[in-house]
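Okay, structure first, notes after.
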Amino acid sequence: MYGYYLSQAYDKYWSRFSKRIAPVIYTFYKNEPVSKRNKNLLDLCCGTGQLACYFSKRRFNVFCLDRSMHMLNCTQKNLKKIINRGSVNFINADMVSLATSSCFGLVVCTCDSINYIANKKSLHHCFQRVYSSLISGGVFIFDMQTPYGINKKAKEIEIIDNDEMYIVNKQEFNGDNVGRIIITGFVRDANGLLHRFDEKFINKAFELKSVFSCLQNVGFQKVLITDESLQNQSVNLETLEWAYIVAKKI
Ligand SMILES: C[S@@+](CC[C@H](N)C(=O)[O-])C[C@H]1O[C@@H](n2cnc3c(N)ncnc32)[C@H](O)[C@@H]1O
């Protein structure tokens, strides 16, 4: 699960999503009253830490959580390359069994990482833990592929082909809103040798209605289903391929 070679490829080719969304989340949070008194960010499934770098440069105390030690190692390297203005913390754990104290104004989970959660029970557990880790006024922001989006992408294949790596990334659709991501690749090391890796993940798309009620059930009083602007409630939920959710603890 996100072994060494995939972590190298991810850092190079797939971290652009979090680089793009980081300023949007930052601007959103800056306009929340809680941001005046709390600069603690919990980045769930932090990947290679691009979002954490963005916030760290802006005086946030960042807590980077990921289940993969290889991804956390990349995060650590990336955070070393910048001038950190807040404190930096690493947590090697599963987001479903997250255990932290209530000290965060902001919790994020980006680039459809919530879709790695296999079932509703675990989703509920994760949301419950996020809710308890937030202070009052705190915000949880995440994005996810919807059932509509996952069905639409069912036959998409992405190929990365250059001197450093050759990677095939495809998604198979199993029905019941569950996709299977299969990534096979070769990565070249410093001596020119190619290393093969194979990774498989379950990609579960929860119905937006059940995500909404799950967030409400754990206590979130305000839930907005929106797009990348994080501004307005999306109206056509049935045809939303990728949803952004903002949940607030009052
Ligand atoms: C698609 S990447 C997203 C990384 C980052 N959030 C971004 O925006 O680029 C998914 C990340 O989630 C992590 N992950 C997957 N399932 C997890 C779980 N149950 N608990 C913690 N981390 C998990 C993977 O190790 C990987 O780093």
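Residue numbering restarts at 1 in every chain; chains get A, B, ... in the order shown in the structure tokens, and ligands count up from 1 in that same order.
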
To test your reading of the structure, identify every residue in range 8-127 of chain A that backbone DSSP assigns to strand (DSSP E or B), and report it as a list in words.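 Restricting range 8-127 of chain A to strand (DSSP E or B) produces Asn40, Leu41, Leu42, Asp43, Leu44, Asn61, Val62, Phe63, Cys64, Leu65, Asp66, Val88, Asn89, Phe90, Ile91, Asn92, Phe104, Gly105, Leu106, Val107, Val108 and Cys109 of chain A.
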
If you keep C-alpha atoms, can you produce a file of those selected residues as a JSON list (two decimals), in the first residue's frame?
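Output below, filename again.json:
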[["chain", "number", "residue", "atom", "x", "y", "z"],
["A", 40, "ASN", "CA", -3.41, 23.73, 13.95],
["A", 41, "LEU", "CA", -3.93, 21.66, 10.81],
["A", 42, "LEU", "CA", -4.46, 17.90, 10.72],
["A", 43, "ASP", "CA", -3.78, 16.60, 7.21],
["A", 44, "LEU", "CA", -5.39, 13.14, 7.02],
["A", 61, "ASN", "CA", 1.38, 23.80, 13.12],
["A", 62, "VAL", "CA", 0.96, 20.85, 10.79],
["A", 63, "PHE", "CA", 0.13, 17.30, 11.82],
["A", 64, "CYS", "CA", 0.69, 14.94, 8.88],
["A", 65, "LEU", "CA", -1.06, 11.59, 9.13],
["A", 66, "ASP", "CA", -0.65, 8.72, 6.69],
["A", 88, "VAL", "CA", 5.72, 19.88, 12.23],
["A", 89, "ASN", "CA", 4.43, 16.51, 13.44],
["A", 90, "PHE", "CA", 4.12, 13.07, 11.82],
["A", 91, "ILE", "CA", 1.58, 10.39, 12.63],
["A", 92, "ASN", "CA", 1.84, 6.95, 11.04],
["A", 104, "PHE", "CA", -7.55, 21.38, 15.55],
["A", 105, "GLY", "CA", -9.22, 24.32, 13.86],
["A", 106, "LEU", "CA", -8.83, 22.61, 10.49],
["A", 107, "VAL", "CA", -8.82, 18.96, 9.39],
["A", 108, "VAL", "CA", -8.41, 18.12, 5.70],
["A", 109, "CYS", "CA", -8.40, 14.95, 3.63]]

Just list the residues in range 66-161 of chain A DSSP gives helix (DSSP H, G or I) on the backbone, as a PyMOL selection string. chain A and resi 69-80+95-97+113-116+120-133+147-152

Those selected residues, please, written with C-alpha atoms and delivered as an mmCIF file, in the first residue's frame.
data_model
loop_
_atom_site.group_PDB
_atom_site.id
_atom_site.type_symbol
_atom_site.label_atom_id
_atom_site.label_comp_id
_atom_site.auth_asym_id
_atom_site.auth_seq_id
_atom_site.Cartn_x
_atom_site.Cartn_y
_atom_site.Cartn_z
ATOM 1 C CA MET A 69 5.614 5.160 6.020
ATOM 2 C CA HIS A 70 7.029 5.728 2.505
ATOM 3 C CA MET A 71 4.621 8.602 1.896
ATOM 4 C CA LEU A 72 5.420 10.060 5.319
ATOM 5 C CA ASN A 73 9.151 9.863 4.534
ATOM 6 C CA CYS A 74 8.528 11.912 1.376
ATOM 7 C CA THR A 75 6.500 14.406 3.418
ATOM 8 C CA GLN A 76 9.377 14.728 5.851
ATOM 9 C CA LYS A 77 11.836 15.392 2.980
ATOM 10 C CA ASN A 78 9.522 17.953 1.376
ATOM 11 C CA LEU A 79 8.995 19.763 4.674
ATOM 12 C CA LYS A 80 12.777 19.916 5.162
ATOM 13 C CA MET A 95 -7.438 7.524 9.448
ATOM 14 C CA VAL A 96 -10.253 5.225 10.570
ATOM 15 C CA SER A 97 -8.728 4.686 14.003
ATOM 16 C CA SER A 113 -8.455 9.749 0.019
ATOM 17 C CA ILE A 114 -11.835 9.280 1.751
ATOM 18 C CA ASN A 115 -12.651 6.860 -1.105
ATOM 19 C CA TYR A 116 -10.124 4.433 0.418
ATOM 20 C CA LYS A 120 -20.075 2.904 6.012
ATOM 21 C CA LYS A 121 -19.146 1.701 9.486
ATOM 22 C CA SER A 122 -15.521 2.792 9.006
ATOM 23 C CA LEU A 123 -16.648 6.055 7.415
ATOM 24 C CA HIS A 124 -18.799 6.775 10.469
ATOM 25 C CA HIS A 125 -15.909 5.928 12.771
ATOM 26 C CA CYS A 126 -13.526 8.204 10.859
ATOM 27 C CA PHE A 127 -15.986 11.134 10.867
ATOM 28 C CA GLN A 128 -16.607 10.623 14.579
ATOM 29 C CA ARG A 129 -12.871 10.802 15.289
ATOM 30 C CA VAL A 130 -12.461 13.900 13.102
ATOM 31 C CA TYR A 131 -15.363 15.583 14.908
ATOM 32 C CA SER A 132 -13.747 14.970 18.303
ATOM 33 C CA SER A 133 -10.375 16.241 17.117
ATOM 34 C CA PRO A 147 -20.815 7.145 -7.516
ATOM 35 C CA TYR A 148 -21.575 9.075 -10.722
ATOM 36 C CA GLY A 149 -17.901 10.046 -11.095
ATOM 37 C CA ILE A 150 -16.555 6.582 -10.359
ATOM 38 C CA ASN A 151 -18.875 5.024 -12.941
ATOM 39 C CA LYS A 152 -17.887 7.593 -15.521
#

Atom 23 (C, counted along the ligand's line) of ligand 1 to CA of Leu6 in chain A, straight-line distance in Å: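 So the two atoms, CA of Leu6 in chain A and atom 23 (C, counted along the ligand's line) of ligand 1, lie 13.6 Å apart.
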
Determine, counting only C-alpha atoms, which protein, DNA and RNA residues have an atom within 6 Å of an atom of range 52-59 of chain A; residues of the same chain fewer than 2 positions away are not included. Present the result as a compact mmCIF listing (two decimals) with C-alpha atoms, in the first residue's frame.
# COMPACT_ATOMS: atom_id res chain seq x y z
CA GLY A 49 2.96 16.58 2.16
CA GLN A 50 2.46 19.30 -0.45
CA LEU A 79 8.99 19.76 4.67
CA ASN A 84 8.71 25.94 8.40
CA ARG A 85 7.15 28.69 10.39
CA GLY A 86 5.07 26.47 12.67

Could you check how far CA of Ile181 in chain A sits from CA of Phe212 in chain A, in Å to one decimal? 25.1 Å

Any idea what the distance is between CA of Leu224 in chain A and CA of Tyr13 in chain A?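 One can read the CA of Leu224 in chain A to CA of Tyr13 in chain A distance as 29.9 Å.
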
Would you kindly return, as a ChimeraX atom specification, each protein, DNA or RNA residue with an atom no farther than 12 Å from any atom of Phe186 in chain A, considering only C-alpha atoms and excluding same-chain residues fewer than 2 positions away? /A:4-6,8-9,159-169,183-184,188-189,192-199

Closest to ligand 1 among A:Ala243, A:Ile182, A:Val187, A:Ala22, using only C-alpha atoms and all ligand atoms?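 Answer, going by the shortest atom-to-atom distance: A:Ala22.
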
Nearest residue to ligand 1 out of A:Ile135, A:Ile82, A:Val246, A:Ala99, using only C-alpha atoms and all ligand atoms?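 Checking each candidate against ligand 1, we get A:Ala99 as the closest.
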
Need to verify the contact set: Asn119 in chain A, 12 Å, only C-alpha atoms, exclusion of same-chain residues closer than 6 positions in sequence. Can you return it as a ChimeraX atom specification? /A:96,125-126,176-178,202-207,210-211
